[in-house]
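Engineer: Handing over final_27.txt, compact mmCIF, C-alpha atoms.
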# COMPACT_ATOMS: atom_id res chain seq x y z
CA MET U 1 -63.80 -39.40 13.52
CA LYS U 2 -61.79 -36.57 15.03
CA SER U 3 -60.67 -37.10 18.62
CA ILE U 4 -60.30 -34.67 21.51
CA ALA U 5 -58.50 -35.26 24.79
CA ILE U 6 -59.74 -33.25 27.75
CA ILE U 7 -57.23 -33.04 30.58
CA GLY U 8 -59.23 -32.49 33.74
CA GLY U 9 -62.62 -33.89 34.75
CA GLY U 10 -64.06 -31.05 36.80
CA VAL U 11 -66.98 -28.79 35.90
CA ALA U 12 -65.30 -27.41 32.77
CA GLY U 13 -64.07 -30.76 31.51
CA MET U 14 -67.35 -32.59 32.00
CA GLU U 15 -69.52 -29.91 30.40
CA ALA U 16 -67.23 -29.56 27.36
CA ALA U 17 -66.98 -33.33 26.98
CA ALA U 18 -70.75 -33.75 26.91
CA LYS U 19 -71.22 -31.07 24.27
CA LEU U 20 -68.31 -32.24 22.06
CA SER U 21 -69.55 -35.82 22.16
CA ARG U 22 -73.00 -34.72 21.01
CA MET U 23 -71.35 -32.90 18.12
CA GLY U 24 -69.96 -36.22 16.90
CA PHE U 25 -66.38 -36.07 18.17
CA SER U 26 -64.56 -38.88 19.96
CA VAL U 27 -63.88 -37.54 23.46
CA THR U 28 -61.60 -38.79 26.22
CA ILE U 29 -61.49 -37.25 29.69
CA ILE U 30 -58.20 -37.71 31.55
CA GLU U 31 -58.68 -37.23 35.29
CA GLU U 32 -55.96 -37.70 37.91
CA LYS U 33 -58.41 -38.29 40.77
CA GLU U 34 -60.51 -41.39 41.37
CA GLN U 35 -63.73 -39.61 40.44
CA LEU U 36 -64.99 -36.80 38.24
CA GLY U 37 -66.11 -33.49 39.69
CA GLY U 38 -62.98 -31.60 40.70
CA LYS U 39 -63.39 -29.08 43.54
CA LEU U 40 -67.18 -29.27 43.23
CA THR U 41 -67.10 -32.61 45.10
CA GLN U 42 -65.98 -30.71 48.22
CA TRP U 43 -68.73 -28.11 48.20
CA HIS U 44 -72.04 -28.12 50.01
CA ALA U 45 -74.06 -25.27 48.49
CA LEU U 46 -73.44 -22.81 45.68
CA PHE U 47 -73.88 -19.05 45.68
CA PRO U 48 -75.98 -17.01 45.27
CA ALA U 49 -79.13 -19.19 45.44
CA ARG U 50 -77.40 -21.78 47.66
CA ARG U 51 -78.30 -24.61 45.33
CA PRO U 52 -76.96 -27.98 46.55
CA ALA U 53 -73.61 -28.66 44.90
CA ALA U 54 -74.45 -32.38 44.75
CA GLU U 55 -77.39 -31.59 42.46
CA VAL U 56 -75.20 -29.76 39.94
CA LEU U 57 -72.52 -32.45 40.15
CA ALA U 58 -75.03 -35.24 39.52
CA ASN U 59 -76.38 -33.40 36.49
CA LEU U 60 -72.90 -32.96 34.99
CA LYS U 61 -71.93 -36.57 35.66
CA ASN U 62 -75.14 -37.82 34.08
CA HIS U 63 -74.25 -36.08 30.81
CA VAL U 64 -70.88 -37.83 30.50
CA LYS U 65 -72.09 -41.38 31.10
CA LEU U 66 -72.61 -42.34 27.47
CA GLY U 67 -70.22 -42.13 24.54
CA ILE U 68 -67.33 -40.56 26.43
CA ASN U 69 -64.18 -42.43 27.36
CA THR U 70 -63.17 -41.53 30.92
CA ILE U 71 -59.78 -42.47 32.33
CA LEU U 72 -59.55 -42.01 36.09
CA ASN U 73 -56.46 -42.08 38.32
CA ALA U 74 -54.57 -40.97 35.22
CA ARG U 75 -51.49 -38.79 35.23
CA VAL U 76 -50.10 -37.25 32.05
CA GLU U 77 -46.42 -38.16 31.84
CA ALA U 78 -45.55 -36.61 28.47
CA ILE U 79 -47.12 -35.18 25.33
CA GLU U 80 -45.65 -35.19 21.82
CA LYS U 81 -46.93 -33.07 18.94
CA ASP U 82 -46.94 -33.96 15.27
CA ASP U 83 -48.73 -32.75 12.14
CA ASP U 84 -51.75 -34.93 12.88
CA GLY U 85 -52.21 -34.02 16.53
CA PHE U 86 -50.89 -35.22 19.87
CA ALA U 87 -49.65 -38.42 21.47
CA ILE U 88 -50.33 -38.43 25.21
CA ALA U 89 -48.42 -40.80 27.49
CA LEU U 90 -50.18 -41.65 30.75
CA ASN U 91 -49.03 -43.49 33.85
CA HIS U 92 -49.08 -47.31 33.81
CA ASN U 93 -47.68 -47.25 30.26
CA ARG U 94 -50.91 -46.10 28.65
CA MET U 95 -50.98 -44.02 25.48
CA ILE U 96 -53.78 -42.17 23.70
CA THR U 97 -53.81 -39.91 20.65
CA ALA U 98 -55.93 -36.85 19.93
CA HIS U 99 -56.37 -34.29 17.17
CA ALA U 100 -56.93 -31.53 19.73
CA ILE U 101 -56.39 -31.02 23.45
CA LEU U 102 -58.56 -29.12 25.89
CA LEU U 103 -56.90 -28.08 29.15
CA ALA U 104 -59.43 -28.03 31.98
CA THR U 105 -56.99 -28.59 34.81
CA GLY U 106 -58.62 -26.19 37.24
CA PHE U 107 -56.92 -24.39 40.10
CA ASP U 108 -55.17 -24.89 43.41
CA VAL U 109 -56.52 -23.58 46.70
CA PHE U 110 -54.06 -21.34 48.50
CA ASP U 111 -52.24 -23.14 51.31
CA ALA U 112 -53.24 -21.08 54.36
CA SER U 113 -50.39 -22.49 56.45
CA LYS U 114 -48.07 -20.22 54.46
CA LYS U 115 -49.61 -17.27 56.33
CA GLU U 116 -48.24 -18.25 59.72
CA GLU U 117 -49.61 -15.12 61.40
CA TYR U 118 -53.12 -16.51 60.86
CA GLY U 119 -52.36 -19.73 62.73
CA TYR U 120 -53.72 -22.31 60.28
CA GLY U 121 -52.19 -25.68 61.05
CA ILE U 122 -50.94 -24.26 64.35
CA TYR U 123 -54.09 -23.43 66.31
CA ASP U 124 -56.91 -25.95 66.66
CA ASN U 125 -59.76 -23.62 65.83
CA VAL U 126 -58.42 -21.86 62.78
CA ILE U 127 -59.93 -23.44 59.66
CA THR U 128 -60.33 -22.55 55.98
CA SER U 129 -63.48 -21.96 53.94
CA VAL U 130 -62.85 -25.36 52.31
CA ASP U 131 -62.77 -27.03 55.73
CA LEU U 132 -66.00 -25.26 56.66
CA GLU U 133 -67.72 -26.47 53.51
CA LYS U 134 -66.78 -30.04 54.42
CA ALA U 135 -68.30 -29.50 57.85
CA PHE U 136 -71.52 -28.31 56.20
CA ASN U 137 -71.56 -31.54 54.19
CA GLU U 138 -71.21 -33.50 57.42
CA GLY U 139 -74.17 -31.62 58.88
CA LYS U 140 -72.49 -29.98 61.88
CA VAL U 141 -69.91 -27.32 62.67
CA LEU U 142 -67.99 -27.80 65.90
CA THR U 143 -64.76 -26.58 67.40
CA ALA U 144 -61.84 -28.98 67.65
CA GLN U 145 -62.96 -29.61 71.24
CA GLY U 146 -66.44 -30.68 70.10
CA LYS U 147 -68.26 -27.52 71.16
CA THR U 148 -70.71 -25.43 69.14
CA PRO U 149 -68.94 -22.16 68.23
CA LYS U 150 -70.75 -19.00 69.27
CA LYS U 151 -68.28 -16.28 68.25
CA ILE U 152 -67.02 -16.78 64.71
CA GLY U 153 -64.79 -14.59 62.56
CA PHE U 154 -64.06 -14.69 58.82
CA ILE U 155 -60.90 -13.29 57.25
CA HIS U 156 -61.16 -12.32 53.58
CA CYS U 157 -58.43 -12.40 50.92
CA VAL U 158 -56.21 -15.09 52.44
CA GLY U 159 -53.70 -15.75 49.69
CA SER U 160 -55.33 -13.29 47.28
CA ARG U 161 -54.38 -9.70 46.46
CA ASP U 162 -51.19 -10.50 48.31
CA GLU U 163 -47.82 -9.76 46.73
CA LYS U 164 -45.95 -11.57 49.49
CA ALA U 165 -47.95 -14.73 48.85
CA GLY U 166 -47.20 -14.45 45.12
CA ASN U 167 -50.86 -13.91 44.25
CA PRO U 168 -51.53 -10.25 43.44
CA HIS U 169 -54.82 -11.10 41.70
CA CYS U 170 -58.32 -11.07 43.17
CA SER U 171 -59.76 -14.58 43.45
CA LYS U 172 -63.18 -13.21 42.56
CA VAL U 173 -65.34 -15.73 44.44
CA CYS U 174 -64.09 -15.39 48.04
CA CYS U 175 -66.27 -12.44 49.10
CA ILE U 176 -69.53 -14.04 48.05
CA THR U 177 -68.40 -17.44 49.38
CA GLY U 178 -67.82 -15.84 52.78
CA VAL U 179 -71.24 -14.19 52.77
CA LYS U 180 -72.92 -17.47 51.79
CA GLN U 181 -71.07 -19.42 54.46
CA ALA U 182 -71.81 -16.85 57.15
CA ILE U 183 -75.54 -17.07 56.42
CA GLU U 184 -75.40 -20.87 56.51
CA LEU U 185 -73.62 -20.73 59.87
CA LYS U 186 -76.17 -18.28 61.25
CA GLU U 187 -79.02 -20.55 60.19
CA MET U 188 -77.26 -23.56 61.70
CA ILE U 189 -76.32 -21.72 64.92
CA PRO U 190 -78.94 -18.94 65.36
CA ASP U 191 -77.41 -17.49 68.53
CA SER U 192 -73.94 -17.20 67.02
CA ASP U 193 -72.14 -13.86 66.64
CA ILE U 194 -70.43 -13.64 63.24
CA THR U 195 -68.01 -10.96 62.05
CA MET U 196 -66.47 -10.59 58.59
CA PHE U 197 -63.11 -8.82 58.24
CA TYR U 198 -62.57 -7.66 54.67
CA MET U 199 -60.27 -5.55 52.48
CA ASP U 200 -62.95 -4.55 49.98
CA LEU U 201 -66.25 -6.29 49.32
CA ARG U 202 -66.56 -7.20 45.65
CA MET U 203 -70.16 -8.21 45.02
CA PHE U 204 -69.82 -8.23 41.25
CA GLY U 205 -72.39 -10.86 40.22
CA ARG U 206 -76.14 -10.86 39.79
CA HIS U 207 -77.94 -11.32 43.14
CA PHE U 208 -74.63 -11.10 45.05
CA GLU U 209 -75.52 -7.68 46.47
CA GLU U 210 -78.89 -8.99 47.63
CA LEU U 211 -77.21 -11.85 49.48
CA TYR U 212 -74.83 -9.38 51.12
CA LYS U 213 -77.76 -7.22 52.28
CA GLU U 214 -79.57 -10.32 53.55
CA ALA U 215 -76.53 -11.18 55.64
CA GLN U 216 -76.59 -7.75 57.28
CA VAL U 217 -80.31 -7.03 57.63
CA LYS U 218 -81.83 -10.45 58.23
CA HIS U 219 -78.97 -12.29 59.93
CA HIS U 220 -77.20 -9.37 61.65
CA ILE U 221 -73.76 -10.42 60.44
CA GLN U 222 -71.23 -7.68 61.12
CA PHE U 223 -68.80 -6.46 58.45
CA ILE U 224 -65.61 -4.67 59.48
CA ARG U 225 -63.15 -3.27 56.97
CA GLY U 226 -59.79 -4.28 58.35
CA ARG U 227 -56.79 -6.55 58.13
CA LEU U 228 -55.77 -9.20 60.61
CA SER U 229 -52.33 -8.44 62.02
CA GLU U 230 -52.03 -11.27 64.50
CA ALA U 231 -53.83 -14.31 65.86
CA PHE U 232 -52.90 -16.41 68.86
CA GLU U 233 -54.43 -19.23 70.87
CA ASN U 234 -55.71 -18.81 74.42
CA GLN U 235 -55.44 -21.47 77.08
CA ASP U 236 -59.05 -22.51 76.48
CA TYR U 237 -58.30 -22.98 72.74
CA THR U 238 -60.25 -19.91 71.69
CA VAL U 239 -58.47 -17.61 69.26
CA MET U 240 -57.60 -14.01 70.04
CA ILE U 241 -57.20 -11.81 66.97
CA LYS U 242 -55.80 -8.31 66.56
CA VAL U 243 -57.28 -6.29 63.72
CA GLU U 244 -57.02 -2.73 62.55
CA ASP U 245 -60.40 -1.24 61.71
CA THR U 246 -59.36 0.81 58.69
CA LEU U 247 -62.61 2.83 58.54
CA LEU U 248 -62.44 3.97 62.15
CA ALA U 249 -58.62 4.01 62.12
CA LYS U 250 -58.30 2.16 65.39
CA PRO U 251 -57.07 -1.27 66.50
CA LEU U 252 -59.37 -3.84 68.04
CA LYS U 253 -59.13 -7.23 69.71
CA MET U 254 -61.64 -10.03 69.54
CA ASN U 255 -61.92 -13.47 71.11
CA LEU U 256 -63.31 -16.13 68.79
CA ASP U 257 -64.39 -19.74 69.15
CA LEU U 258 -63.69 -20.29 65.46
CA LEU U 259 -61.67 -18.37 62.87
CA VAL U 260 -62.40 -19.06 59.19
CA LEU U 261 -59.88 -18.12 56.51
CA LEU U 262 -61.36 -17.45 53.07
CA VAL U 263 -58.64 -18.99 50.93
CA GLY U 264 -58.22 -17.92 47.33
CA ILE U 265 -57.75 -19.42 43.88
CA GLN U 266 -54.25 -19.74 42.48
CA PRO U 267 -52.82 -21.34 39.32
CA ALA U 268 -52.56 -25.13 39.34
CA ARG U 269 -48.96 -26.04 40.15
CA GLY U 270 -48.93 -29.63 38.92
CA ILE U 271 -49.29 -29.00 35.19
CA ASN U 272 -45.93 -27.43 34.35
CA LYS U 273 -44.70 -30.53 32.49
CA ILE U 274 -47.85 -30.54 30.36
CA LEU U 275 -47.44 -26.87 29.52
CA TYR U 276 -43.76 -27.38 28.70
CA ASP U 277 -44.50 -30.26 26.33
CA LEU U 278 -47.29 -28.31 24.62
CA GLU U 279 -45.28 -25.06 24.60
CA VAL U 280 -48.26 -23.25 26.10
CA GLU U 281 -47.46 -19.86 27.61
CA LYS U 282 -48.42 -18.58 31.04
CA ASP U 283 -49.53 -15.03 31.76
CA ALA U 284 -47.85 -12.75 34.29
CA ASP U 285 -50.17 -13.95 37.07
CA GLY U 286 -49.31 -17.62 36.47
CA PHE U 287 -52.60 -18.59 34.82
CA LEU U 288 -52.55 -19.71 31.18
CA LYS U 289 -52.24 -16.93 28.65
CA GLN U 290 -55.24 -16.20 26.44
CA THR U 291 -54.31 -15.21 22.90
CA ASP U 292 -57.41 -13.02 22.56
CA ASN U 293 -59.31 -12.22 25.75
CA GLN U 294 -62.32 -10.80 23.95
CA LEU U 295 -62.83 -12.86 20.77
CA SER U 296 -61.08 -16.19 21.40
CA PRO U 297 -60.52 -16.51 25.15
CA SER U 298 -60.07 -20.29 25.02
CA LYS U 299 -57.30 -20.38 22.42
CA THR U 300 -53.71 -20.76 23.57
CA ASN U 301 -50.59 -19.86 21.63
CA THR U 302 -50.27 -23.52 20.50
CA PRO U 303 -52.56 -24.54 17.60
CA GLY U 304 -54.89 -27.34 18.60
CA VAL U 305 -54.60 -26.62 22.33
CA PHE U 306 -57.44 -24.87 24.12
CA ALA U 307 -57.93 -23.88 27.76
CA ILE U 308 -61.07 -23.14 29.76
CA GLY U 309 -62.30 -22.52 33.28
CA THR U 310 -59.93 -21.57 36.05
CA THR U 311 -56.89 -22.61 34.04
CA THR U 312 -57.01 -19.07 32.66
CA GLY U 313 -58.05 -17.25 35.84
CA PRO U 314 -60.56 -17.18 38.72
CA LYS U 315 -64.15 -17.81 37.61
CA THR U 316 -67.56 -18.73 38.94
CA ILE U 317 -69.22 -22.01 37.99
CA GLU U 318 -71.62 -20.12 35.72
CA GLU U 319 -68.75 -18.54 33.83
CA THR U 320 -66.97 -21.89 33.61
CA ILE U 321 -70.04 -23.61 32.16
CA SER U 322 -70.43 -20.84 29.57
CA GLU U 323 -66.77 -21.16 28.54
CA ALA U 324 -67.08 -24.94 28.29
CA ARG U 325 -70.00 -24.60 25.90
CA ALA U 326 -68.35 -21.88 23.83
CA VAL U 327 -65.06 -23.73 23.39
CA THR U 328 -66.82 -26.58 21.62
CA LEU U 329 -67.44 -24.29 18.66
CA GLU U 330 -63.82 -23.11 18.64
CA ILE U 331 -62.54 -26.69 18.66
CA SER U 332 -65.01 -27.72 15.97
CA ASP U 333 -63.96 -24.80 13.75
CA TYR U 334 -60.29 -25.64 14.28
CA LEU U 335 -60.70 -29.32 13.37
CA HIS U 336 -62.93 -28.68 10.35
CA ASN U 337 -60.64 -25.94 9.03
CA LYS U 338 -57.67 -28.27 9.46
CA VAL U 339 -59.40 -30.97 7.42
CA ALA U 340 -60.38 -28.44 4.75
CA SER U 341 -56.81 -27.17 4.52
CA ARG U 342 -55.50 -30.70 3.99
CA VAL U 343 -58.07 -31.38 1.28
CA LEU U 344 -57.00 -28.22 -0.54
CA MET U 345 -53.34 -29.18 -0.22
CA ASN U 346 -54.04 -32.64 -1.62
CA GLU U 347 -56.06 -31.22 -4.51
CA SER U 348 -53.31 -28.76 -5.39
CA TYR U 349 -50.79 -31.60 -5.35
CA PHE U 350 -52.64 -33.36 -8.20
CA ILE U 351 -53.12 -30.22 -10.33
With the file now loaded, output its structure as structure tokens.

Structural biologist:
Amino acid sequence: MKSIAIIGGGVAGMEAAAKLSRMGFSVTIIEEKEQLGGKLTQWHALFPARRPAAEVLANLKNHVKLGINTILNARVEAIEKDDDGFAIALNHNRMITAHAILLATGFDVFDASKKEEYGYGIYDNVITSVDLEKAFNEGKVLTAQGKTPKKIGFIHCVGSRDEKAGNPHCSKVCCITGVKQAIELKEMIPDSDITMFYMDLRMFGRHFEELYKEAQVKHHIQFIRGRLSEAFENQDYTVMIKVEDTLLAKPLKMNLDLLVLLVGIQPARGINKILYDLEVEKDADGFLKQTDNQLSPSKTNTPGVFAIGTTTGPKTIEETISEARAVTLEISDYLHNKVASRVLMNESYFI
């Protein structure tokens, strides 16, 4: 039986593992955390329909319960290639072998403290979209002083489309995440006043535009095209922000009880040793390089190594699931063609 090692047990890794196992392959998921699920474990509801994240996570976990070897708290120390496949050394002196490897290592969230002008990690009531999602999971959103926030601001593109931050790419999901979170806040705190400060609104997906219109028409959430130039903390722990309204070409100031930074997706930083051992190339933006974006987006430059999900760039969960299902066919073709090639070589040897 041909074996496949999947490095990463998030959405992409779990979905691919379930499908590959059903196809008759021996599958091992290697996950560095103590549970499967990746970033999905931190989320409360998913755009655009605001489906509970826990429901999707439970469904994915249920599919990997049987027939799949899962190694948790596992860190890949080294990988060696040979003609037959790969030998993968894990922490605690563990070793597994595989005929193919699927990289589903996900992404890192931009560290908002690197943008000091925004005040994250400095001012009490500056939080990130990830922090807000955790608050939703806890069932309440409060300021650091335990008060219900009434004036709330969102800043888009924190760590995305930002040359200085080293991330010139668009993170793709931040705009719609902000809209979703603003609506959730408005429903939780009906008398709140919410303002979104954006560079450009990129409502690219199906039903995203409808959610954006709902935010404006039904919930009266205000959208201002502008960039935050400065934030500072008042004596009462509210946050004063200075923003340039780029449509009206004038500066404005606003006092907020809570400032939310919509942090972006960036390449995972902790997988460089894996990529070095596998000789897998990165693209100019730091994500893994796809050998053929249109026809074989999951293939890397190294035979037998595939990559899916946000390892190759920002994606929605829907796109990630689709890639995870598609890559199973690419891996199957690769392994079957490899076996066929060896049979032909052996037959020609005896001729």

Engineer: From the set U:Tyr198, U:Phe232, U:Phe204, U:Phe110, which residue has the shortest atom-to-atom contact distance to Ile155 (chain U), counting only C-alpha atoms?

Structural biologist: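 Of U:Tyr198, U:Phe232, U:Phe204, U:Phe110, the one nearest Ile155 (chain U) is U:Tyr198, counting only C-alpha atoms.
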
Engineer: My list of candidates is U:Gly106, U:Gly166, U:Gly13, U:Gly286. Which is closest to Thr311 (chain U) when distances are computed with only C-alpha atoms?

Structural biologist: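 The shortest atom-to-atom distance to Thr311 (chain U) comes from U:Gly106.
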
Engineer: One decimal, in Å: what's the spacing between CA of Asp193 (chain U) and CA of Lys150 (chain U)?

Structural biologist: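 Computed distance, CA of Asp193 (chain U) to CA of Lys150 (chain U), equals 5.9 Å.
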
Engineer: Expressed in Å to a single decimal, how great is the separation between CA of Ser3 (chain U) and CA of Ala16 (chain U)?

Structural biologist: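 It comes out at 13.3 Å.
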
Engineer: Could you list, as JSON, numbers by chain, every residue within 8 Å of region 215-230 of chain U, counting all atoms listed in the file and ignoring same-chain residues fewer than 4 positions away?

Structural biologist: {"U": [117, 118, 155, 179, 182, 183, 186, 193, 194, 195, 196, 197, 198, 199, 200, 211, 241, 242, 243, 244, 245, 246, 247]}

Engineer: Within 9 Å of Cys170 (chain U), counting all atoms listed in the file, which residues qualify if same-chain residues fewer than 5 places away don't, as a PDB file with C-alpha atoms, in the frame of the given file?

Structural biologist:
ATOM      1  CA  CYS U 157     -58.430 -12.400  50.920  1.00  0.00           C
ATOM      2  CA  SER U 160     -55.330 -13.290  47.280  1.00  0.00           C
ATOM      3  CA  ARG U 161     -54.380  -9.700  46.460  1.00  0.00           C
ATOM      4  CA  ASP U 162     -51.190 -10.500  48.310  1.00  0.00           C
ATOM      5  CA  GLY U 264     -58.220 -17.920  47.330  1.00  0.00           C
ATOM      6  CA  ILE U 265     -57.750 -19.420  43.880  1.00  0.00           C
ATOM      7  CA  PRO U 314     -60.560 -17.180  38.720  1.00  0.00           C
TER       8      PRO U 314
END

Engineer: List every protein, DNA or RNA residue with an atom no more than 6 Å from (-72.8, -24.9, 54.5) in the file's coordinates, counting only C-alpha atoms, and format the result as a PyMOL selection string.

Structural biologist: chain U and resi 44+133+136+181+184

Engineer: Name all residues at most 9 Å from Gly67 (chain U) (count all atoms listed in the file; drop same-chain ones fewer than 3 positions away) and give them as a VMD selection string.

Structural biologist: chain U and resid 18 21 to 22 26 to 27 64

Engineer: What is the distance, in Å and to one decimal place, between CA of Tyr334 (chain U) and CA of Ile317 (chain U)?

Structural biologist: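 Between these atoms lies a distance of 25.6 Å.
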
Engineer: Excluding same-chain residues fewer than 5 positions from Asn91 (chain U), what lies within 9 Å of it counting only C-alpha atoms, as a list of chain:residue names?

Structural biologist: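 Skipping anything fewer than 5 positions along the chain leaves U:Asn73, U:Ala74, U:Arg75, U:Val76, U:Glu77.
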
Engineer: Name the closest residue to Asn59 (chain U) among the candidates U:Glu279, U:Glu187, U:Asp108, U:Glu15; distances are taken between atoms, counting all atoms listed in the file.

Structural biologist: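 Smallest separation from Asn59 (chain U) among the options: U:Glu15.
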
Engineer: Skip region 298-306 of chain U itself and residues of its chain fewer than 2 positions away, then list as a ChimeraX atom specification all residues within 8 Å of it, counting all atoms listed in the file.

Structural biologist: /U:85,99-103,278-281,288-292,296,308,323,327,330-331,334
